[in-house]
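Down below is the structure, laid out as structure tokens.
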Amino acid sequence: MSGVNRLPAPAGLLVDHDQPISFEFEGKRYKGLAGDCIASALAANDQWLISRSFKYHRPRGVLTMAGQDANVLVQLPTDPNVLADRYPITEGLRVHGQHYTGSLEKDRDAWIGTFAKFLPIGFYYKAFYKPKGAWQKWAPLIRRKAGLGVVDPTVDPGYYDKQYKFYDVVVIGGGPAGMQAAVTAAQAGAEVLLVDENPVLGGSLTYARFDIDEPNSEVTRQRLLAAIKASEHIEVMTDATCNGWFTDNWLAVIRGKRLYKVRAREVVLAAGVMEQPATFGNNDLPGVVLGSAAQRLIRLYGIRPGRRAVILTGNDDGYGVALDLAAVGIDVAAIVDMRSQSRSTPLVDAVREGGIKVILGHTVYEAIGTDRHIKAVMVSRIIRRGQCEDTGDVIDCDLLCVSVGYIPTYQLALHAGAKLHYDDESAMFSISDVPQHMRLAGSVNGIYDLDAVLADGRRAGWLAANALGLKWEREPLAPENTGASGRNFAWPIFPHPNGKDFVDYDEDLQVADIINATRDGYEDVQLVKRYSTVGMGPSQGRNSALTTARLVADAMGRTVAETGVTTARPPFAPERIAHCAGRSFYPERHSSMHHRHLEAGAQMLLAGVWLRPAYYGGKGERDRCMSEESLNVRNNVGLVDVSTLGGIEVRGPDAGEFMNRIYTFAYVKQQVGRGRYVVMTNEQGVVIDDGVACRFHEHLYYVTATTGGVDRVYQNMLRWNAQWRLNIDVGHVTNAWCGVNIAGPRSRDVLAKLCTDVDLSAQGFPYMGVREGRVAGIPARLLRVGFVGELGYEVHVPQHGGEALWDAMMEAGYAEGIKPFGIETQRLLRLEKGHIIIGQDTDAMSHPGEVHLAWAIARKKPFFVGGRSIQEIERRPFSRKLAGFVVNDLAAPIPQESHLVLRDNAMTGRVTSCYYSPTIGKPIGLAFMAPDQAVPGQTVSIRSTGGVLVRAEIVELPFYDPENKRQEM
Amino acid sequence: MATTQPAQHPRRSMIYRILREAGAEFEALADAAVAMRYADGGDEVALARRLGLADLSPLARTGFKGRDTPDWLVTQQVAIPDEPGQARRQSDDALVLRLSADEHVIVSDLRTRSELPATLDAEWQLSAERMCYHMPRADSYCWFAISGECATEMLAKVCGVDLRLDKFDDGRIAQTSLARINAVIVRNDLGTTPAFYVLADSASADYLWPCLIDAMKEFEGGIVGLAALRALV
């Protein structure tokens with residue numbers, strides 16, 4: 001026996017009586033059965049207190065048994081806020097209640113509820129905001145006293161991932177309507193996915209009593225299961241929650257540790273309804289449950305939910321609950337029917353024939369209990385809508401089942417744009433304006449009679465298939481008798497003078513809280529939500545939306561239909577961030593020489609999505625390595641991987657004209673075999689990229705671009721030529737080519753060992769020349785450029801030949817002392833040469849004139865992108881200027897990027913680049929500053945690390961080799 | 001054919017180290033080395049039928065784009081697909097992928113008997129009269145093959161296109177995102193075994209390969225050599 005409340009086998013559709021399971025709750029060992037959830041296993045052991053409430057530390061237990069309330073949130077070692085009525089027990093599972101001080105049974109903070117009257121909604125904002133700064137002191141204390149579970153940030157969430165799925169029809173909800181819809185759509189030939197959050201299909205067929213003849217439900221379920229099993233076109237996902245509808249029927253379905261991204265051509269929503277609680281004093285005590293929760297405990301888990309029960313009802317379903325309780329030996333003390341009279345229906349008649357006492361026109365005024373469970377109810381006569389006598393009969397009971405009405409599971413439909421409407425006459429919500437390619441079926445569609453539900457499912461399945469062009473028999477008729485009449489009692493709300501009449505269990509909101517919100521001026525239900533936080537807890541208004549709408553409507557003198565409910569947005573149920581993240585994909589790009597850098601001990605840095613070698617050496621050796629690497633380039637020969645540079649080919653008869661329009665310089669007359677610097681500006685005249693245009697053919701420019709900017713350059717080119725219609729083609733060839741820059745006074749000597757089909761002499765291959773040849777036997781494009789300010793060559797080869805090129809270069813240069821240098825060193829070297837880096841030394845406002853690029857503008861050509869703007873900008877005085885500076889005080893902290901340039905303690909600019917230069921022997925840098933400060937010989941103040949003011953002397957650029965003798969050797 | 005090592009050749013697959021660590025036996029193929037089989041790889045053909053991943057990057061391929069490209073290819077005796085998004089097998093088993101109306105990629109057959117990619121590269125000349133431009137697809141793309149009955153389900157973990165066999169015919173092309181990088185996926189069944197070629201950014205090969213291996217795990221898929229794929233044809 002797995003607990004005193006466990007019914008004998010074979011009771012419980014989900015549990016296996018032959019498989020006992022041990023687990024712990026609050027440090028005490030319990031026995032459950034395979035198939036039990038935490039809440040059912042605890043209920044089997046008569047443990048009804050599961051957790052404590054958010055604000056008042058009220059004892060809380062099972063309410064819905066459907067994962068629809070926050071009363072059963074528990075703490076696992078790895079996870080907070082786990083729904084105990086959904087989470088299955090496993091051997092050795094350790095579970096704790098949440099949000100208590102001391103022990104769950106004796107919570108030292110339970111006194112807070114006593115002072116509820118003094119803690120209205122928003123009390124902390126009102127009470128603790130003054131004097132200024134008080135909130136910062138109070139907030140930690142208040143936050144400790146209120147809350148949910150505790151996250152352990154050290155827990156590894158495990159492996160989560162995602163998978164795409166595609167179906168003709170996705171049916172959400174595996175109850176009778178959903179099962180029938182799936183069968184019908186599949187019969188027509190549609191490929192169907194049937195999603196249900198429960199472990200087995202059947203929905204209400206597995207627990208609810210549709211009629212007197214109880215086995216009929218199971219017969220129907222078995223018939224539908226057989227049809228589903230027989231179909232090749234239906235895939236079933238149980239234990240899966242469709243957590244959101246997104247555009248074009250994109251459905252987020254979560255099962256286990258996987259998020260399925262499901263695309264459906266047609267959706268049938270058969271998500272059923274959510275039974276609603278009633279509002280009365282102490283309506284949150286453990287032992288007060290929804291009627292459907294008691295039925296779930298009995299039928300799904302084989303649990304006897306109490307010994308002596310009272311039913312509070314406003315419809316005939318409560319009578320069915322009474323029959324179910326009586327059938328498992330529970331003494332049903334009374335049915336308290338809010339209605340003044342009941343009709344003669346099979347269920348009502350059966351109850352009367354069974355001798356169960358029925359009290360009409362009454363309600364439960366309050367539940368009476370210990371500090372952790374109900375022990376009686378006071379039943380009072382209803383005087384008028386929402387009001388009852390404040391005295392009545394006390395009936396002893398340890399279970400109160402509430403059956404007063406339903407609300408459709410509307411969330412997914414509303415995600416899709418449907419509307420929720422309230423009918424004041426029937427006191428029911430209905431869903432309208434359902435978008436194309438979505439259909440409702442069953443009780444979510446306002447249909448309750450089982451035959452009608454099946455007919456509605458059949459019709460929805462047929463319509464979905466028909467929309468796909470799949471013809472199957474004749475269109476089924478819509479069911480006539482919906483069975484909806486009388487399901488909802490219009491006003492099951494009886495405020496208690498002492499409060500504890502909870503509207504929202506998640507946030508401990510009582511009737512007075514909602515009413516007071518309207519009196520505070522929040523007259524719209526949306527504002528009430530934001531002010532009171534009603535519906536913002538873990539259950540997202542499932543149990544509070546209807547009552548809130550009714551209360552706000554009443555307070556404001558409107559109808560509920562006019563008041564409406566708050567918006568529903570994804571996710572439908574709480575979901576883990578791990579589900580959203582999935583198996584993380586962080587693309588990285590490596591050049592073909594990447595592994596050689598790692599083997600050489602490079603420290604890698606991320607440049608966009610590229611991994612690039614920063615420098616070669618230990619983690620703490622940056623400055624030393626940069627110094628050695630830079631001096632080796634200046635005095636000898638170095639090799640740097642430049643594969644990440646963007647590569648674009650502009651080819652075609654109009655290539656020269658295109659280059660002239662897209663870049664600032666002139667290119668039509670550029671000679672074949674020559675390279676020319678390029679600057680790209682946008683329409684506002686802002687510098688957005690640079691590089692070198694290499695003319696390898698009259699109709700071919702091979703253009704380099706910055707690593708991070710090449711995609712934008714490519715897009716710009718395509719966009720502009722879509723207007724210009726020039727006879728060219730633009731090819732993005734960045735990843736087709738890799739390259740190295742071999743630089744230093746001995747670079748020619750090294751290259752000459754590997755390249756014999758190109759005249760490498762200064763005359764044969766001058767500065768800014770470009771050539772094609774073979775290097776180490778690999779076809780190559782050679783560019784004689786000088787980014788680092790030394791004799792140097794960029795050698796570009798096809799990507800898959802990059803490693804062989806690197807190997808050959810390193811081997812050929814061994815005698816010359818070749819050494820690789822990293823990107824950090826390259827940045828230092830180019831700074832010494834006064835070259836800017838677009839994006840580092842420029843920003844989103846930089847025009848060519850203020851960053852020393854005015855020389856790269858061809859003034860005589862009729863047009864280039866940004867040309868007109870640059871003309872206008874240059875007519876006005878500059879507001880800033882990029883200038884070079886040196887720090888002569890070697891003891892001063894070296895300025896860093898973004899350190900401020902000051903004048904009289906006011907900011908005039910910022911540092912964009914700064915390094916200690918071993919060649920110059922002092923820190924050098926570039927900074928924006930006021931134009932009148934950017935005059936060589938002037939001194940400016942830079943607020944450096946620790947707020948230290950550093951004096952910097954403005955100097956002419958470049959810092960190194962102003963006559964360009966080194967690069968033009 | 002004698003075994004060799006990739007580092008002995010000028011053209012090297014971007015992931016040859018991963019393959020080497022997995023026990024690849026390489027064979028020379030023109031100026032590169034291809035992973036032909038794997039030591040202790042067991043029955044690679046059976047694996048390829050269930051779910052296999054092979055690196056075909058060393059095999060020949062090329063590309064051309066521009067409005068005159070279809071005409072030029074036809075003059076070169078290439079049977080081009082009728083529509084973009086389709087691939088067409090040539091008489092020598094090379095495959096021509098039509099990515100758009102004007103852009104084509106030509107990939108070698110698995111037995112590397114076809115000389116079409118090399119021939120086209122040799123024949124092509126930049127010309128002012130013809131809007132047909134070379135695209136260096138041999139280097140811009142890495143080339144992987146994913147084969148087997150679980151291939152579509154595995155790809156559904158990393159790709160948002162419906163690649164189910166009854167929805168995505170043999171010879172059909174998807175230009176899409178695969179594990180968050182751009183990729184060309186073409187279905188090219190090997191005999192009766194469903195198979196897909198993946199052409200993706202070569203600089204991302206180091207990244208993509210482990211992503212695919214990871215996605216294959218739950219299907220007990222594995223790495224196979226070129227020889228296993230050849231055996232399927």
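Chains: A, B, ... in order of the structure tokens. Residues: from 1 per chain. Ligands: from 1, in order shown.
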
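Interface residues of chain B facing chain A, defined by any atom at most 7 Å away and using only C-alpha atoms, are Pro10, Arg11, Arg12, Ser13, Met14, Gly66, Ala128, Pro136, Asp139, Ser140, Ala156, Lys157, Gly160, Asp162, Ala179, Arg180, Ile181, Asp201, Ser202, Ala203, Ser204 and Tyr207 of chain B.
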
Those same residues, written as an mmCIF file, in the first residue's frame with N, CA and C atoms?
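Saved result, part05.cif, follows:
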data_model
loop_
_atom_site.group_PDB
_atom_site.id
_atom_site.type_symbol
_atom_site.label_atom_id
_atom_site.label_comp_id
_atom_site.auth_asym_id
_atom_site.auth_seq_id
_atom_site.Cartn_x
_atom_site.Cartn_y
_atom_site.Cartn_z
ATOM 1 N N PRO B 10 48.815 20.605 -50.650
ATOM 2 C CA PRO B 10 48.572 22.045 -50.540
ATOM 3 C C PRO B 10 47.125 22.393 -50.185
ATOM 4 N N ARG B 11 46.185 21.642 -50.684
ATOM 5 C CA ARG B 11 44.771 21.886 -50.332
ATOM 6 C C ARG B 11 44.396 20.979 -49.169
ATOM 7 N N ARG B 12 43.875 21.563 -48.132
ATOM 8 C CA ARG B 12 43.537 20.780 -46.946
ATOM 9 C C ARG B 12 42.118 21.109 -46.503
ATOM 10 N N SER B 13 41.381 20.088 -46.193
ATOM 11 C CA SER B 13 40.056 20.326 -45.623
ATOM 12 C C SER B 13 40.214 21.120 -44.331
ATOM 13 N N MET B 14 39.273 22.007 -44.083
ATOM 14 C CA MET B 14 39.349 22.834 -42.875
ATOM 15 C C MET B 14 39.214 21.999 -41.611
ATOM 16 N N GLY B 66 25.824 35.219 -63.055
ATOM 17 C CA GLY B 66 25.671 36.267 -64.059
ATOM 18 C C GLY B 66 24.609 35.854 -65.056
ATOM 19 N N ALA B 128 34.102 40.895 -71.492
ATOM 20 C CA ALA B 128 33.193 42.041 -71.451
ATOM 21 C C ALA B 128 31.895 41.728 -72.177
ATOM 22 N N PRO B 136 34.341 31.170 -56.764
ATOM 23 C CA PRO B 136 35.292 30.143 -56.287
ATOM 24 C C PRO B 136 34.688 29.240 -55.216
ATOM 25 N N ASP B 139 36.471 26.860 -52.673
ATOM 26 C CA ASP B 139 37.066 27.377 -51.445
ATOM 27 C C ASP B 139 36.076 28.096 -50.551
ATOM 28 N N SER B 140 35.058 28.694 -51.136
ATOM 29 C CA SER B 140 34.107 29.396 -50.276
ATOM 30 C C SER B 140 33.235 28.410 -49.511
ATOM 31 N N ALA B 156 16.417 18.187 -38.902
ATOM 32 C CA ALA B 156 15.358 19.010 -38.312
ATOM 33 C C ALA B 156 15.775 19.605 -36.982
ATOM 34 N N LYS B 157 16.857 19.123 -36.412
ATOM 35 C CA LYS B 157 17.352 19.704 -35.158
ATOM 36 C C LYS B 157 18.194 20.952 -35.407
ATOM 37 N N GLY B 160 15.506 24.757 -40.239
ATOM 38 C CA GLY B 160 14.078 25.024 -40.191
ATOM 39 C C GLY B 160 13.315 24.709 -41.457
ATOM 40 N N ASP B 162 11.542 22.167 -44.139
ATOM 41 C CA ASP B 162 10.920 20.848 -44.126
ATOM 42 C C ASP B 162 11.636 19.955 -45.146
ATOM 43 N N ALA B 179 22.164 25.425 -38.290
ATOM 44 C CA ALA B 179 22.868 25.714 -37.029
ATOM 45 C C ALA B 179 23.349 27.168 -37.016
ATOM 46 N N ARG B 180 22.515 28.031 -37.510
ATOM 47 C CA ARG B 180 22.726 29.482 -37.501
ATOM 48 C C ARG B 180 23.782 29.967 -38.486
ATOM 49 N N ILE B 181 24.179 29.164 -39.434
ATOM 50 C CA ILE B 181 25.027 29.709 -40.507
ATOM 51 C C ILE B 181 24.353 29.420 -41.843
ATOM 52 N N ASP B 201 29.724 27.827 -45.493
ATOM 53 C CA ASP B 201 30.901 28.675 -45.330
ATOM 54 C C ASP B 201 32.104 27.853 -44.875
ATOM 55 N N SER B 202 33.149 27.847 -45.674
ATOM 56 C CA SER B 202 34.305 27.016 -45.337
ATOM 57 C C SER B 202 34.953 27.471 -44.036
ATOM 58 N N ALA B 203 34.911 28.762 -43.763
ATOM 59 C CA ALA B 203 35.520 29.261 -42.524
ATOM 60 C C ALA B 203 34.735 28.815 -41.297
ATOM 61 N N SER B 204 33.524 28.307 -41.518
ATOM 62 C CA SER B 204 32.711 27.842 -40.398
ATOM 63 C C SER B 204 32.710 26.322 -40.278
ATOM 64 N N TYR B 207 33.250 24.842 -36.951
ATOM 65 C CA TYR B 207 32.090 25.038 -36.075
ATOM 66 C C TYR B 207 30.954 24.086 -36.437
#

All alpha helix (DSSP H) residues (DSSP, backbone) inside segment 302-392 of chain A, as a PDB file with C-alpha atoms, in the first residue's frame:
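selection_12.pdb written:
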ATOM      1  CA  ASP A 317     -21.246  18.701 -12.534  1.00  0.00           C
ATOM      2  CA  GLY A 318     -21.003  19.011  -8.768  1.00  0.00           C
ATOM      3  CA  TYR A 319     -23.537  16.232  -8.515  1.00  0.00           C
ATOM      4  CA  GLY A 320     -21.306  14.061 -10.673  1.00  0.00           C
ATOM      5  CA  VAL A 321     -18.441  14.800  -8.335  1.00  0.00           C
ATOM      6  CA  ALA A 322     -20.573  13.744  -5.392  1.00  0.00           C
ATOM      7  CA  LEU A 323     -21.330  10.450  -7.078  1.00  0.00           C
ATOM      8  CA  ASP A 324     -17.661   9.880  -7.760  1.00  0.00           C
ATOM      9  CA  LEU A 325     -16.730  10.580  -4.149  1.00  0.00           C
ATOM     10  CA  ALA A 326     -19.442   8.325  -2.836  1.00  0.00           C
ATOM     11  CA  ALA A 327     -18.351   5.592  -5.212  1.00  0.00           C
ATOM     12  CA  PRO A 346     -29.947  12.089 -14.481  1.00  0.00           C
ATOM     13  CA  LEU A 347     -27.067  13.246 -12.256  1.00  0.00           C
ATOM     14  CA  VAL A 348     -29.261  15.248  -9.887  1.00  0.00           C
ATOM     15  CA  ASP A 349     -31.781  12.438  -9.679  1.00  0.00           C
ATOM     16  CA  ALA A 350     -29.075   9.873  -8.994  1.00  0.00           C
ATOM     17  CA  VAL A 351     -27.745  11.965  -6.120  1.00  0.00           C
ATOM     18  CA  ARG A 352     -31.153  12.338  -4.607  1.00  0.00           C
ATOM     19  CA  GLU A 353     -31.808   8.633  -5.002  1.00  0.00           C
TER      20      GLU A 353
END

- request: Write out as a VMD selection string all residues of segment 696-740 of chain A that DSSP puts in strand (DSSP E) for this structure's backbone.
  value: chain A and resid 696 to 697 700 to 705 729 to 732 737 to 740

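Using only C-alpha atoms for every distance, the candidate list A:Gly417, A:Gly306, A:Gly173, A:Pro820 yields A:Pro820 as the residue closest to Glu628 of chain A.
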
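Taking atom CA of Cys211 of chain B and atom CA of Asn182 of chain B as endpoints, the distance between them is 13.8 Å.
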
Spatial neighbours of Thr69 of chain B, 10 Å, only C-alpha atoms, chain gap at least 6 places, as a compact mmCIF listing (two decimals) with N, CA and C atoms, in the first residue's frame:
# COMPACT_ATOMS: atom_id res chain seq x y z
N GLY B 63 31.77 27.30 -59.39
CA GLY B 63 30.51 28.01 -59.52
C GLY B 63 30.61 29.16 -60.49
N THR B 75 26.39 25.94 -73.61
CA THR B 75 27.39 25.81 -74.67
C THR B 75 28.54 24.89 -74.25
N ALA B 101 18.29 31.92 -60.91
CA ALA B 101 18.20 31.87 -62.37
C ALA B 101 19.59 31.97 -62.99
N ASP B 102 20.46 32.74 -62.36
CA ASP B 102 21.76 33.04 -62.98
C ASP B 102 22.94 32.43 -62.26
N GLU B 103 22.72 31.74 -61.17
CA GLU B 103 23.86 31.23 -60.40
C GLU B 103 23.82 29.71 -60.31
N HIS B 104 24.96 29.10 -60.63
CA HIS B 104 25.05 27.65 -60.64
C HIS B 104 26.30 27.20 -59.89
N ARG B 130 30.31 38.82 -72.12
CA ARG B 130 29.48 37.77 -71.52
C ARG B 130 29.37 37.99 -70.02
N MET B 131 28.15 38.13 -69.56
CA MET B 131 27.93 38.30 -68.11
C MET B 131 27.91 36.93 -67.44
N CYS B 132 29.07 36.36 -67.36
CA CYS B 132 29.21 35.07 -66.68
C CYS B 132 30.49 35.16 -65.86
N TYR B 133 30.35 35.05 -64.56
CA TYR B 133 31.49 35.28 -63.67
C TYR B 133 31.75 34.08 -62.78
N HIS B 134 33.01 33.86 -62.57
CA HIS B 134 33.41 32.70 -61.77
C HIS B 134 33.15 32.94 -60.29

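Take atom CA of Asp206 of chain B and atom CA of Met604 of chain A: the distance between them is 15.3 Å.
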
field: From A:Val219, A:Val171, A:Leu13, A:Ile303, residue lying nearest Val200 of chain A [only C-alpha atoms]
entry: A:Leu13

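Interatomic distance, atom CA of Tyr100 of chain A against atom CA of Asn71 of chain A: 13.2 Å.
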
task: Excluding Ser108 of chain B and residues on its chain fewer than 2 positions from it, collect all residues at most 10 Å away from it, counting only C-alpha atoms, and give them as a PyMOL selection string.
output: chain B and resi 56+59-62+90+92-96+106+110-118

Take the residues from that selection and write them out as a PDB file, in the first residue's frame, keeping C-alpha atoms.
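Produced file out_33.pdb, reproduced below:
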ATOM      1  CA  LEU B  56      33.701  15.821 -49.147  1.00  0.00           C
ATOM      2  CA  LEU B  59      36.368  16.975 -53.946  1.00  0.00           C
ATOM      3  CA  ALA B  60      36.154  19.319 -56.904  1.00  0.00           C
ATOM      4  CA  ARG B  61      33.465  21.949 -57.298  1.00  0.00           C
ATOM      5  CA  THR B  62      33.092  25.343 -58.898  1.00  0.00           C
ATOM      6  CA  GLN B  90      24.978  14.927 -65.429  1.00  0.00           C
ATOM      7  CA  ASP B  92      29.125  11.611 -65.717  1.00  0.00           C
ATOM      8  CA  ASP B  93      27.340  11.863 -62.343  1.00  0.00           C
ATOM      9  CA  ALA B  94      28.522  15.377 -61.614  1.00  0.00           C
ATOM     10  CA  LEU B  95      25.756  17.458 -60.098  1.00  0.00           C
ATOM     11  CA  VAL B  96      24.737  20.907 -61.269  1.00  0.00           C
ATOM     12  CA  ILE B 106      28.875  22.309 -60.159  1.00  0.00           C
ATOM     13  CA  LEU B 110      31.643  10.746 -55.555  1.00  0.00           C
ATOM     14  CA  ARG B 111      33.942   8.593 -57.643  1.00  0.00           C
ATOM     15  CA  THR B 112      35.644  11.753 -58.874  1.00  0.00           C
ATOM     16  CA  ARG B 113      35.477  10.559 -62.447  1.00  0.00           C
ATOM     17  CA  SER B 114      33.808  13.685 -63.688  1.00  0.00           C
ATOM     18  CA  GLU B 115      36.096  16.373 -65.004  1.00  0.00           C
ATOM     19  CA  LEU B 116      33.313  18.879 -65.375  1.00  0.00           C
ATOM     20  CA  PRO B 117      34.312  21.302 -62.570  1.00  0.00           C
ATOM     21  CA  ALA B 118      37.913  21.405 -63.751  1.00  0.00           C
TER      22      ALA B 118
END

- prompt: Do you know which residues are at most 12 Å from Leu751 of chain A counting only C-alpha atoms, after dropping those on the same chain fewer than 3 positions away, and could you put them as a count of residues only?
  reply: 42

message: For segment 708-725 of chain A, find every residue with an atom within 7 Å (counting only C-alpha atoms), except residues of its own chain fewer than 3 positions away, and show them as a ChimeraX atom specification.
response: /A:608,646,689,705,732

Save the residues we just selected, C-alpha atoms, as an mmCIF file, in the first residue's frame?
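What landed in part-v7.cif:
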data_model
loop_
_atom_site.group_PDB
_atom_site.id
_atom_site.type_symbol
_atom_site.label_atom_id
_atom_site.label_comp_id
_atom_site.auth_asym_id
_atom_site.auth_seq_id
_atom_site.Cartn_x
_atom_site.Cartn_y
_atom_site.Cartn_z
ATOM 1 C CA GLY A 608 32.835 39.606 -34.942
ATOM 2 C CA GLY A 646 36.552 41.078 -46.421
ATOM 3 C CA ASP A 689 34.399 51.183 -44.387
ATOM 4 C CA ALA A 705 36.931 45.463 -46.784
ATOM 5 C CA HIS A 732 31.281 38.096 -52.042
#

Surrounding residues of Val394 of chain A excluding itself and chain neighbours under 2 positions, 12 Å, only C-alpha atoms, as a list in words: Val310, Ala333, Ala334, Thr363, Val364, Tyr365, Glu366, Ala367, Ile368, Gly369, Lys375, Ala376, Val377, Met378, Val379, Ser380, Asp390, Thr391, Gly392, Asp396 and Cys397 of chain A

Requested write-out: C-alpha atoms of the selected residues, as an mmCIF file, in the first residue's frame:
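Contents of out.cif, as written:
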data_model
loop_
_atom_site.group_PDB
_atom_site.id
_atom_site.type_symbol
_atom_site.label_atom_id
_atom_site.label_comp_id
_atom_site.auth_asym_id
_atom_site.auth_seq_id
_atom_site.Cartn_x
_atom_site.Cartn_y
_atom_site.Cartn_z
ATOM 1 C CA VAL A 310 -18.966 18.763 1.121
ATOM 2 C CA ALA A 333 -22.023 15.219 3.962
ATOM 3 C CA ALA A 334 -23.888 17.567 1.677
ATOM 4 C CA THR A 363 -23.142 28.767 -0.289
ATOM 5 C CA VAL A 364 -20.072 28.145 1.771
ATOM 6 C CA TYR A 365 -19.571 31.276 3.836
ATOM 7 C CA GLU A 366 -16.169 30.201 5.028
ATOM 8 C CA ALA A 367 -13.945 27.223 5.314
ATOM 9 C CA ILE A 368 -12.880 26.470 8.847
ATOM 10 C CA GLY A 369 -9.607 24.774 9.417
ATOM 11 C CA LYS A 375 -11.968 20.613 9.081
ATOM 12 C CA ALA A 376 -15.431 22.112 8.476
ATOM 13 C CA VAL A 377 -17.374 24.616 6.420
ATOM 14 C CA MET A 378 -19.994 27.127 7.455
ATOM 15 C CA VAL A 379 -22.909 26.998 5.036
ATOM 16 C CA SER A 380 -25.052 30.099 4.755
ATOM 17 C CA ASP A 390 -23.024 35.757 8.037
ATOM 18 C CA THR A 391 -24.110 32.813 10.098
ATOM 19 C CA GLY A 392 -25.051 29.313 9.149
ATOM 20 C CA ASP A 396 -17.590 18.912 9.554
ATOM 21 C CA CYS A 397 -15.558 17.757 6.558
#
